[in-house]
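Asks: Take a look at upload_18.cif, mmCIF, C-alpha atoms:
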data_work
loop_
_atom_site.group_PDB
_atom_site.id
_atom_site.type_symbol
_atom_site.label_atom_id
_atom_site.label_comp_id
_atom_site.auth_asym_id
_atom_site.auth_seq_id
_atom_site.Cartn_x
_atom_site.Cartn_y
_atom_site.Cartn_z
ATOM 1 C CA MET Y 221 -14.071 7.460 2.010
ATOM 2 C CA LYS Y 222 -10.809 9.363 1.594
ATOM 3 C CA LEU Y 223 -10.642 13.132 1.552
ATOM 4 C CA ARG Y 224 -9.289 13.031 -2.020
ATOM 5 C CA GLU Y 225 -12.500 11.268 -3.142
ATOM 6 C CA VAL Y 226 -14.527 13.996 -1.445
ATOM 7 C CA GLN Y 227 -12.462 16.528 -3.363
ATOM 8 C CA LYS Y 228 -13.478 14.895 -6.676
ATOM 9 C CA ILE Y 229 -17.141 14.519 -5.768
ATOM 10 C CA LEU Y 230 -17.376 18.191 -4.813
ATOM 11 C CA ASP Y 231 -15.147 19.503 -7.667
ATOM 12 C CA ALA Y 232 -13.148 21.096 -4.898
ATOM 13 C CA GLU Y 233 -9.893 22.964 -5.091
ATOM 14 C CA LEU Y 234 -7.318 22.169 -2.438
ATOM 15 C CA ILE Y 235 -6.275 25.299 -0.549
ATOM 16 C CA CYS Y 236 -3.850 23.595 1.827
ATOM 17 C CA GLY Y 237 -3.116 20.190 3.325
ATOM 18 C CA GLU Y 238 -2.036 18.066 0.393
ATOM 19 C CA ASP Y 239 -0.451 15.576 2.791
ATOM 20 C CA CYS Y 240 -3.875 15.072 4.423
ATOM 21 C CA LEU Y 241 -5.798 13.921 1.315
ATOM 22 C CA ASP Y 242 -5.630 10.268 2.361
ATOM 23 C CA ARG Y 243 -7.434 11.003 5.605
ATOM 24 C CA GLU Y 244 -10.575 8.998 6.224
ATOM 25 C CA VAL Y 245 -13.918 10.839 6.142
ATOM 26 C CA ARG Y 246 -16.415 8.896 8.251
ATOM 27 C CA ALA Y 247 -19.274 11.393 8.367
ATOM 28 C CA SER Y 248 -20.098 14.956 7.495
ATOM 29 C CA PHE Y 249 -21.545 17.965 9.203
ATOM 30 C CA ALA Y 250 -22.705 21.167 7.525
ATOM 31 C CA CYS Y 251 -23.436 24.420 9.337
ATOM 32 C CA ASP Y 252 -22.377 27.996 9.965
ATOM 33 C CA LEU Y 253 -22.596 28.018 13.750
ATOM 34 C CA ILE Y 254 -19.409 27.376 15.696
ATOM 35 C CA SER Y 255 -21.279 26.278 18.817
ATOM 36 C CA GLU Y 256 -23.140 23.635 16.800
ATOM 37 C CA MET Y 257 -19.877 22.424 15.322
ATOM 38 C CA LEU Y 258 -18.430 22.115 18.831
ATOM 39 C CA LEU Y 259 -21.466 20.172 19.947
ATOM 40 C CA TYR Y 260 -21.907 17.826 16.990
ATOM 41 C CA VAL Y 261 -18.695 17.356 15.009
ATOM 42 C CA THR Y 262 -17.094 14.011 15.810
ATOM 43 C CA PRO Y 263 -13.583 12.795 14.952
ATOM 44 C CA HIS Y 264 -12.933 12.138 11.237
ATOM 45 C CA SER Y 265 -15.981 14.164 10.185
ATOM 46 C CA LEU Y 266 -15.905 16.538 7.272
ATOM 47 C CA LEU Y 267 -16.942 20.095 8.066
ATOM 48 C CA ILE Y 268 -18.906 21.921 5.338
ATOM 49 C CA THR Y 269 -19.405 25.628 5.931
ATOM 50 C CA SER Y 270 -19.605 29.100 4.439
ATOM 51 C CA LEU Y 271 -17.945 30.653 7.511
ATOM 52 C CA MET Y 272 -14.477 31.842 6.567
ATOM 53 C CA ASN Y 273 -12.767 32.854 9.804
ATOM 54 C CA ALA Y 274 -10.091 31.393 12.081
ATOM 55 C CA HIS Y 275 -12.745 29.878 14.364
ATOM 56 C CA VAL Y 276 -13.578 27.286 11.718
ATOM 57 C CA VAL Y 277 -9.961 26.118 11.630
ATOM 58 C CA HIS Y 278 -9.647 26.058 15.425
ATOM 59 C CA THR Y 279 -12.911 24.177 15.716
ATOM 60 C CA ALA Y 280 -11.881 21.616 13.097
ATOM 61 C CA GLN Y 281 -8.577 21.106 14.891
ATOM 62 C CA VAL Y 282 -10.109 20.876 18.343
ATOM 63 C CA MET Y 283 -12.791 18.443 17.158
ATOM 64 C CA ASP Y 284 -10.410 16.273 15.091
ATOM 65 C CA ALA Y 285 -12.335 16.884 11.862
ATOM 66 C CA SER Y 286 -10.797 15.358 8.758
ATOM 67 C CA GLY Y 287 -11.048 18.596 6.820
ATOM 68 C CA VAL Y 288 -13.001 21.745 6.017
ATOM 69 C CA ILE Y 289 -14.938 22.432 2.807
ATOM 70 C CA PHE Y 290 -15.744 26.078 2.070
ATOM 71 C CA VAL Y 291 -18.783 26.383 -0.169
ATOM 72 C CA GLY Y 292 -19.677 28.831 -2.944
ATOM 73 C CA GLY Y 293 -16.097 29.056 -4.215
ATOM 74 C CA LYS Y 294 -15.032 31.047 -1.179
ATOM 75 C CA LYS Y 295 -11.505 31.005 0.165
ATOM 76 C CA PRO Y 296 -10.309 32.320 3.515
ATOM 77 C CA ASP Y 297 -7.591 34.947 3.910
ATOM 78 C CA LYS Y 298 -3.879 34.190 4.259
ATOM 79 C CA ALA Y 299 -3.869 34.311 8.063
ATOM 80 C CA VAL Y 300 -6.553 31.609 8.240
ATOM 81 C CA ILE Y 301 -4.693 29.423 5.730
ATOM 82 C CA LYS Y 302 -1.440 29.845 7.686
ATOM 83 C CA ASN Y 303 -3.246 28.839 10.860
ATOM 84 C CA ALA Y 304 -4.699 25.777 9.134
ATOM 85 C CA LYS Y 305 -1.259 24.714 7.910
ATOM 86 C CA MET Y 306 0.178 25.102 11.420
ATOM 87 C CA ASN Y 307 -2.599 23.002 12.900
ATOM 88 C CA GLY Y 308 -2.690 20.342 10.195
ATOM 89 C CA VAL Y 309 -6.219 21.157 9.024
ATOM 90 C CA PRO Y 310 -6.781 20.612 5.272
ATOM 91 C CA LEU Y 311 -8.914 23.293 3.602
ATOM 92 C CA LEU Y 312 -10.807 22.870 0.345
ATOM 93 C CA SER Y 313 -13.019 25.205 -1.649
ATOM 94 C CA THR Y 314 -15.932 23.974 -3.749
ATOM 95 C CA PRO Y 315 -17.986 26.018 -6.213
ATOM 96 C CA HIS Y 316 -21.135 24.242 -4.995
ATOM 97 C CA LEU Y 317 -23.399 25.451 -2.189
ATOM 98 C CA ILE Y 318 -24.194 23.587 1.017
ATOM 99 C CA PHE Y 319 -27.290 21.690 -0.172
ATOM 100 C CA GLU Y 320 -25.571 20.449 -3.336
ATOM 101 C CA CYS Y 321 -22.492 19.366 -1.353
ATOM 102 C CA CYS Y 322 -24.566 17.432 1.163
ATOM 103 C CA GLY Y 323 -26.614 15.796 -1.614
ATOM 104 C CA ARG Y 324 -23.563 14.670 -3.557
ATOM 105 C CA LEU Y 325 -21.853 13.253 -0.471
ATOM 106 C CA PHE Y 326 -25.040 11.531 0.707
ATOM 107 C CA LEU Y 327 -25.441 9.850 -2.695
ATOM 108 C CA ASN Y 328 -21.892 8.590 -2.320
ATOM 109 C CA GLY Y 329 -22.575 6.996 1.038
ATOM 110 C CA ILE Y 330 -21.505 9.714 3.475
ATOM 111 C CA ARG Y 331 -23.969 10.201 6.296
ATOM 112 C CA GLY Y 332 -24.515 12.680 9.088
ATOM 113 C CA ASP Y 333 -22.979 12.071 12.412
ATOM 114 C CA LYS Y 334 -24.223 9.451 14.842
ATOM 115 C CA LYS Y 335 -25.104 12.225 17.279
ATOM 116 C CA ASP Y 336 -27.688 13.510 14.790
ATOM 117 C CA PRO Y 337 -31.073 12.477 16.218
ATOM 118 C CA GLY Y 338 -32.313 11.918 12.613
ATOM 119 C CA MET K 65 -5.014 5.646 29.660
ATOM 120 C CA VAL K 66 -4.227 8.221 32.353
ATOM 121 C CA ASP K 67 -1.567 6.159 34.089
ATOM 122 C CA SER K 68 1.048 8.668 33.054
ATOM 123 C CA LEU K 69 -0.638 11.134 35.407
ATOM 124 C CA GLN K 70 0.524 9.091 38.362
ATOM 125 C CA TYR K 71 3.911 10.672 37.907
ATOM 126 C CA THR K 72 2.650 14.028 36.739
ATOM 127 C CA PRO K 73 2.549 16.872 39.227
ATOM 128 C CA GLN K 74 -0.447 19.146 39.341
ATOM 129 C CA ILE K 75 -0.478 21.541 36.459
ATOM 130 C CA THR K 76 -2.077 24.962 36.346
ATOM 131 C CA LEU K 77 -2.283 26.932 33.133
ATOM 132 C CA GLU K 78 -3.420 30.552 32.999
ATOM 133 C CA PHE K 79 -4.492 32.560 29.977
ATOM 134 C CA PRO K 80 -5.502 36.249 29.839
ATOM 135 C CA ILE K 81 -8.551 37.206 27.781
ATOM 136 C CA GLY K 82 -9.126 40.794 26.682
ATOM 137 C CA GLU K 83 -12.342 42.486 25.588
ATOM 138 C CA GLU K 84 -13.272 41.398 22.057
ATOM 139 C CA ASP K 85 -10.217 39.119 22.061
ATOM 140 C CA PHE K 86 -12.304 36.750 19.955
ATOM 141 C CA PHE K 87 -9.654 34.670 18.311
ATOM 142 C CA MET K 88 -7.767 33.719 21.463
ATOM 143 C CA ALA K 89 -10.544 31.387 22.624
ATOM 144 C CA GLY K 90 -9.876 28.873 19.864
ATOM 145 C CA GLU K 91 -6.141 29.311 20.264
ATOM 146 C CA TYR K 92 -6.340 28.501 23.980
ATOM 147 C CA ALA K 93 -8.620 25.500 23.384
ATOM 148 C CA SER K 94 -6.160 24.261 20.801
ATOM 149 C CA ARG K 95 -3.124 24.761 23.076
ATOM 150 C CA VAL K 96 -4.712 23.016 26.049
ATOM 151 C CA LYS K 97 -5.800 20.165 23.811
ATOM 152 C CA LYS K 98 -2.199 19.636 22.705
ATOM 153 C CA THR K 99 -0.982 19.707 26.328
ATOM 154 C CA LEU K 100 -3.580 17.147 27.392
ATOM 155 C CA GLN K 101 -2.689 14.923 24.452
ATOM 156 C CA GLN K 102 0.937 15.008 25.571
ATOM 157 C CA LEU K 103 -0.230 13.816 28.993
ATOM 158 C CA GLY K 104 -1.870 10.862 27.259
ATOM 159 C CA LEU K 105 -5.410 11.621 28.426
ATOM 160 C CA ASP K 106 -8.538 10.048 26.978
ATOM 161 C CA GLN K 107 -9.643 11.700 23.706
ATOM 162 C CA THR K 108 -13.258 12.060 24.803
ATOM 163 C CA ILE K 109 -12.237 13.964 27.910
ATOM 164 C CA ILE K 110 -9.866 16.142 25.894
ATOM 165 C CA ARG K 111 -12.681 17.070 23.526
ATOM 166 C CA ARG K 112 -15.008 17.942 26.382
ATOM 167 C CA ILE K 113 -12.331 20.151 27.937
ATOM 168 C CA ALA K 114 -11.585 21.859 24.623
ATOM 169 C CA ILE K 115 -15.279 22.657 24.086
ATOM 170 C CA ILE K 116 -15.651 24.088 27.601
ATOM 171 C CA ILE K 117 -12.544 26.254 27.169
ATOM 172 C CA TYR K 118 -13.624 27.445 23.718
ATOM 173 C CA GLU K 119 -17.103 28.472 24.816
ATOM 174 C CA ALA K 120 -16.119 29.880 28.217
ATOM 175 C CA ALA K 121 -13.269 31.968 26.810
ATOM 176 C CA MET K 122 -15.552 33.242 24.024
ATOM 177 C CA ASN K 123 -18.106 34.306 26.624
ATOM 178 C CA VAL K 124 -15.445 36.377 28.398
ATOM 179 C CA ALA K 125 -14.256 37.953 25.134
ATOM 180 C CA ILE K 126 -17.838 38.727 24.096
ATOM 181 C CA HIS K 127 -19.352 39.950 27.346
ATOM 182 C CA ALA K 128 -16.535 41.116 29.668
ATOM 183 C CA HIS K 129 -13.833 43.801 29.736
ATOM 184 C CA HIS K 130 -11.139 41.325 30.646
ATOM 185 C CA GLY K 131 -10.715 38.034 32.397
ATOM 186 C CA ILE K 132 -8.488 35.095 33.208
ATOM 187 C CA LEU K 133 -8.953 31.508 32.084
ATOM 188 C CA THR K 134 -7.418 28.962 34.434
ATOM 189 C CA VAL K 135 -7.052 25.280 33.650
ATOM 190 C CA HIS K 136 -6.003 23.087 36.550
ATOM 191 C CA ILE K 137 -5.128 19.435 36.065
ATOM 192 C CA ASP K 138 -4.621 16.985 38.900
ATOM 193 C CA THR K 139 -5.132 13.296 39.502
ATOM 194 C CA LYS K 140 -8.911 13.662 39.976
ATOM 195 C CA GLY K 141 -9.702 15.590 36.868
ATOM 196 C CA ILE K 142 -9.539 18.883 35.051
ATOM 197 C CA PHE K 143 -10.942 22.120 36.417
ATOM 198 C CA ILE K 144 -11.666 25.112 34.247
ATOM 199 C CA LYS K 145 -12.338 28.545 35.621
ATOM 200 C CA THR K 146 -13.033 31.885 33.993
ATOM 201 C CA ASP K 147 -12.991 34.952 36.210
ATOM 202 C CA ASP K 148 -13.953 38.156 34.478
ATOM 203 C CA LYS K 149 -14.667 41.814 35.127
ATOM 204 C CA GLY K 150 -17.562 42.979 33.053
ATOM 205 C CA ALA K 151 -21.285 43.218 32.543
ATOM 206 C CA GLY K 152 -22.183 40.121 34.559
ATOM 207 C CA ILE K 153 -25.254 37.967 33.988
ATOM 208 C CA PRO K 154 -28.555 39.360 35.352
ATOM 209 C CA ASP K 155 -30.447 36.054 35.104
ATOM 210 C CA ILE K 156 -28.216 32.966 35.078
ATOM 211 C CA GLU K 157 -31.122 30.546 34.640
ATOM 212 C CA LEU K 158 -32.246 32.409 31.526
ATOM 213 C CA ALA K 159 -28.671 32.567 30.199
ATOM 214 C CA MET K 160 -28.367 28.790 30.553
ATOM 215 C CA GLN K 161 -31.351 28.237 28.250
ATOM 216 C CA GLU K 162 -30.414 26.956 24.835
ATOM 217 C CA GLY K 163 -30.994 29.690 22.270
ATOM 218 C CA TYR K 164 -30.926 32.648 24.655
ATOM 219 C CA SER K 165 -28.309 35.199 23.633
ATOM 220 C CA THR K 166 -27.431 38.860 24.072
ATOM 221 C CA ALA K 167 -24.487 38.766 21.658
ATOM 222 C CA SER K 168 -23.950 41.471 19.037
ATOM 223 C CA ASP K 169 -24.360 41.078 15.273
ATOM 224 C CA GLN K 170 -20.555 41.160 14.950
ATOM 225 C CA VAL K 171 -20.295 38.105 17.206
ATOM 226 C CA ARG K 172 -23.080 36.337 15.296
ATOM 227 C CA GLU K 173 -21.329 36.920 11.992
ATOM 228 C CA MET K 174 -18.350 34.991 13.372
ATOM 229 C CA GLY K 175 -20.602 31.997 13.956
ATOM 230 C CA PHE K 176 -21.160 32.529 17.676
ATOM 231 C CA GLY K 177 -23.947 34.141 19.671
ATOM 232 C CA ALA K 178 -26.481 31.399 18.959
ATOM 233 C CA GLY K 179 -27.224 31.067 22.659
ATOM 234 C CA MET K 180 -25.563 27.683 22.912
ATOM 235 C CA GLY K 181 -22.360 28.537 24.783
ATOM 236 C CA LEU K 182 -23.399 27.900 28.374
ATOM 237 C CA TYR K 183 -25.580 25.019 27.223
ATOM 238 C CA ASN K 184 -22.564 23.390 25.557
ATOM 239 C CA ILE K 185 -20.435 23.968 28.653
ATOM 240 C CA LYS K 186 -23.087 22.317 30.817
ATOM 241 C CA GLN K 187 -23.322 19.352 28.460
ATOM 242 C CA CYS K 188 -19.566 18.791 28.689
ATOM 243 C CA SER K 189 -19.095 19.333 32.441
ATOM 244 C CA ASP K 190 -19.547 16.930 35.337
ATOM 245 C CA GLU K 191 -20.077 19.941 37.594
ATOM 246 C CA LEU K 192 -20.769 23.540 36.670
ATOM 247 C CA SER K 193 -21.223 26.599 38.853
ATOM 248 C CA ILE K 194 -21.663 30.215 37.845
ATOM 249 C CA GLU K 195 -21.580 33.210 40.136
ATOM 250 C CA SER K 196 -22.272 36.623 38.712
ATOM 251 C CA LYS K 197 -22.825 40.211 39.800
ATOM 252 C CA VAL K 198 -24.257 42.690 37.339
ATOM 253 C CA ASN K 199 -21.707 45.351 36.303
ATOM 254 C CA GLU K 200 -18.986 43.558 38.257
ATOM 255 C CA GLY K 201 -18.268 40.228 36.641
ATOM 256 C CA THR K 202 -18.733 36.505 36.450
ATOM 257 C CA ILE K 203 -16.916 33.472 37.806
ATOM 258 C CA LEU K 204 -17.522 30.181 36.028
ATOM 259 C CA ASN K 205 -16.215 26.888 37.401
ATOM 260 C CA ALA K 206 -16.481 23.715 35.329
ATOM 261 C CA LYS K 207 -15.185 20.344 36.429
ATOM 262 C CA VAL K 208 -14.530 17.221 34.407
ATOM 263 C CA TYR K 209 -13.516 14.161 36.402
ATOM 264 C CA PHE K 210 -11.445 11.273 35.164
ATOM 265 C CA PRO K 211 -13.262 7.922 35.183
ATOM 266 C CA GLU K 212 -13.431 6.392 38.689
ATOM 267 C CA LYS K 213 -10.953 3.621 37.950
ATOM 268 C CA ALA K 214 -8.369 6.166 36.956
ATOM 269 C CA HIS K 215 -8.451 8.015 40.280
ATOM 270 C CA ILE K 216 -5.079 8.025 41.936
ATOM 271 C CA ASP K 217 -5.098 9.004 45.580
#
Here is a file; write its structure as structure tokens.

Replies:
Amino acid sequence: MKLREVQKILDAELICGEDCLDREVRASFACDLISEMLLYVTPHSLLITSLMNAHVVHTAQVMDASGVIFVGGKKPDKAVIKNAKMNGVPLLSTPHLIFECCGRLFLNGIRGDKKDPG
Amino acid sequence: MVDSLQYTPQITLEFPIGEEDFFMAGEYASRVKKTLQQLGLDQTIIRRIAIIIYEAAMNVAIHAHHGILTVHIDTKGIFIKTDDKGAGIPDIELAMQEGYSTASDQVREMGFGAGMGLYNIKQCSDELSIESKVNEGTILNAKVYFPEKAHID
């Protein structure tokens, strides 16, 4: 699935990274712990989180995530957005909360990562 | 995959880390990742290195007064060292346990301090050693080797 389809499914607003909307999303991972993201996020995964700081962007970049979805309508500050633009990390904001996001994506065929023991 | 290294001299990168210098850890991981990509290294190894650097540098920023992160690349592999002056680790075995943490609420609010840092580093390293003296500091050495066939002697 393309990131632009994810955007529609989650009613998400694009914060930055318009040129990245055709990126492939192969799996998804939702959490608010950076260490878990570092351990479990695989390349081309979508990162769903309510954490709003620069660590999320760095982690997404380091782990080759296809993009970051901020839940609950939240948006990060300008410095974080600037950092995301510099590192080529698309950021989106959805009004939905984590459970709803995961449910919608799951119904549309997105699964957790292969590393997930489930 | 790593053939380009045959002509690459040894590289040593050094990065300072200050107390509560929380946002440099990700910056350093990101910078080293880009350098390793330019060298044409395997993506899996690059990711392992980036995770080790991220977690190890965060540990220094969280627990020490100051420290140095060193990344050394040669034909055998990549060696990551953090050398810090600070609180030290009273019980290394306990600190290695997944879920054990002494991090502050401030650190937890940033999404760290879940007690997974050293565990993650161990998972990503081929070799890991930690030496620590309470109220003096900690030296962490992590090694990631290139696959055997890629060794160039």

Asks: Would you kindly return, as a ChimeraX atom specification, each protein, DNA or RNA residue with an atom no farther than 6 Å from any atom of region 255-265 of chain Y, considering all atoms listed in the file and excluding same-chain residues fewer than 4 positions away?

Replies: /Y:245-248,284-286

Asks: Find the residues of chain K that sit at most 10 Å from chain Y; for each, write down the nearest two atoms and how far apart they are in Å, to one decimal. Count only C-alpha atoms. Sort by chain, then by number going up, and give it as JSON lines.

Replies:
{"residue": "K:Phe86", "atom": "CA", "partner": "Y:His275", "partner_atom": "CA", "distance": 8.9}
{"residue": "K:Phe87", "atom": "CA", "partner": "Y:His275", "partner_atom": "CA", "distance": 6.9}
{"residue": "K:Met88", "atom": "CA", "partner": "Y:His275", "partner_atom": "CA", "distance": 9.5}
{"residue": "K:Ala89", "atom": "CA", "partner": "Y:His275", "partner_atom": "CA", "distance": 8.7}
{"residue": "K:Gly90", "atom": "CA", "partner": "Y:His278", "partner_atom": "CA", "distance": 5.3}
{"residue": "K:Glu91", "atom": "CA", "partner": "Y:His278", "partner_atom": "CA", "distance": 6.8}
{"residue": "K:Tyr92", "atom": "CA", "partner": "Y:His278", "partner_atom": "CA", "distance": 9.5}
{"residue": "K:Ala93", "atom": "CA", "partner": "Y:Val282", "partner_atom": "CA", "distance": 7.0}
{"residue": "K:Ser94", "atom": "CA", "partner": "Y:Val282", "partner_atom": "CA", "distance": 5.8}
{"residue": "K:Arg95", "atom": "CA", "partner": "Y:Val282", "partner_atom": "CA", "distance": 9.3}
{"residue": "K:Val96", "atom": "CA", "partner": "Y:Val282", "partner_atom": "CA", "distance": 9.6}
{"residue": "K:Lys97", "atom": "CA", "partner": "Y:Val282", "partner_atom": "CA", "distance": 7.0}
{"residue": "K:Lys98", "atom": "CA", "partner": "Y:Val282", "partner_atom": "CA", "distance": 9.1}
{"residue": "K:Gln107", "atom": "CA", "partner": "Y:Pro263", "partner_atom": "CA", "distance": 9.7}
{"residue": "K:Thr108", "atom": "CA", "partner": "Y:Pro263", "partner_atom": "CA", "distance": 9.9}
{"residue": "K:Ile110", "atom": "CA", "partner": "Y:Val282", "partner_atom": "CA", "distance": 8.9}
{"residue": "K:Arg111", "atom": "CA", "partner": "Y:Met283", "partner_atom": "CA", "distance": 6.5}
{"residue": "K:Arg112", "atom": "CA", "partner": "Y:Leu258", "partner_atom": "CA", "distance": 9.3}
{"residue": "K:Ile113", "atom": "CA", "partner": "Y:Val282", "partner_atom": "CA", "distance": 9.9}
{"residue": "K:Ala114", "atom": "CA", "partner": "Y:Val282", "partner_atom": "CA", "distance": 6.5}
{"residue": "K:Ile115", "atom": "CA", "partner": "Y:Leu258", "partner_atom": "CA", "distance": 6.2}
{"residue": "K:Ile116", "atom": "CA", "partner": "Y:Leu258", "partner_atom": "CA", "distance": 9.4}
{"residue": "K:Tyr118", "atom": "CA", "partner": "Y:Thr279", "partner_atom": "CA", "distance": 8.7}
{"residue": "K:Glu119", "atom": "CA", "partner": "Y:Ser255", "partner_atom": "CA", "distance": 7.6}
{"residue": "K:Arg172", "atom": "CA", "partner": "Y:Leu253", "partner_atom": "CA", "distance": 8.5}
{"residue": "K:Glu173", "atom": "CA", "partner": "Y:Leu271", "partner_atom": "CA", "distance": 8.4}
{"residue": "K:Met174", "atom": "CA", "partner": "Y:Asn273", "partner_atom": "CA", "distance": 7.0}
{"residue": "K:Gly175", "atom": "CA", "partner": "Y:Leu253", "partner_atom": "CA", "distance": 4.5}
{"residue": "K:Phe176", "atom": "CA", "partner": "Y:Ile254", "partner_atom": "CA", "distance": 5.8}
{"residue": "K:Gly177", "atom": "CA", "partner": "Y:Ser255", "partner_atom": "CA", "distance": 8.3}
{"residue": "K:Ala178", "atom": "CA", "partner": "Y:Ser255", "partner_atom": "CA", "distance": 7.3}
{"residue": "K:Gly179", "atom": "CA", "partner": "Y:Ser255", "partner_atom": "CA", "distance": 8.5}
{"residue": "K:Met180", "atom": "CA", "partner": "Y:Ser255", "partner_atom": "CA", "distance": 6.1}
{"residue": "K:Gly181", "atom": "CA", "partner": "Y:Ser255", "partner_atom": "CA", "distance": 6.5}
{"residue": "K:Leu182", "atom": "CA", "partner": "Y:Ser255", "partner_atom": "CA", "distance": 9.9}
{"residue": "K:Tyr183", "atom": "CA", "partner": "Y:Ser255", "partner_atom": "CA", "distance": 9.5}
{"residue": "K:Asn184", "atom": "CA", "partner": "Y:Leu259", "partner_atom": "CA", "distance": 6.6}
{"residue": "K:Ile185", "atom": "CA", "partner": "Y:Leu259", "partner_atom": "CA", "distance": 9.6}
{"residue": "K:Gln187", "atom": "CA", "partner": "Y:Leu259", "partner_atom": "CA", "distance": 8.8}
{"residue": "K:Cys188", "atom": "CA", "partner": "Y:Leu259", "partner_atom": "CA", "distance": 9.1}

Asks: Rank nothing, just name the residue among Y:Ala250, Y:Ala299, Y:Leu327, Y:Ile235 nearest to Leu311 (chain Y), using only C-alpha atoms.

Replies: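 Smallest distance to Leu311 (chain Y) is found for Y:Ile235.
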
Asks: Smallest atom-to-atom distance to Glu320 (chain Y): which of Y:Leu234, Y:Asp242, Y:Ile268, Y:Leu223, using only C-alpha atoms?

Replies: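 Going through Y:Leu234, Y:Asp242, Y:Ile268, Y:Leu223 one by one, the smallest distance to Glu320 (chain Y) is for Y:Ile268.
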
Asks: Would you list the contacts of Ile75 (chain K) as a list in words, taking every protein, DNA or RNA residue within 7 Å and counting all atoms listed in the file, but skipping same-chain residues closer than 2 positions in sequence?

Replies: Pro73, Leu77, His136, Ile137 and Asp138 of chain K

Asks: Name the residues that the PyMOL selection byres ((chain Y and resi 230) around 9) picks from the file above, as a count of residues only, using the file's chain letters and numbers.

Replies: 16

Asks: Please provide the set of residues having any atom within 7 Å of region 201-211 of chain K, restricted to only C-alpha atoms, with same-chain residues fewer than 3 positions apart removed, written as a list in words.

Replies: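 The residues satisfying every condition are Lys140, Gly141, Ile142, Phe143, Ile144, Lys145, Thr146, Asp147, Asp148, Lys149, Gly150, Ala151, Gly152, Ser189, Asp190, Glu191, Leu192, Ser193, Ile194, Glu195, Ser196, Lys197, Val198, Ala214 and His215 of chain K.
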
Asks: Rounded to one decimal in Å, what is the spacing between CA of Lys186 (chain K) and CA of Thr139 (chain K)?

Replies: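 Pair CA of Lys186 (chain K) / CA of Thr139 (chain K) returns 21.9 Å.
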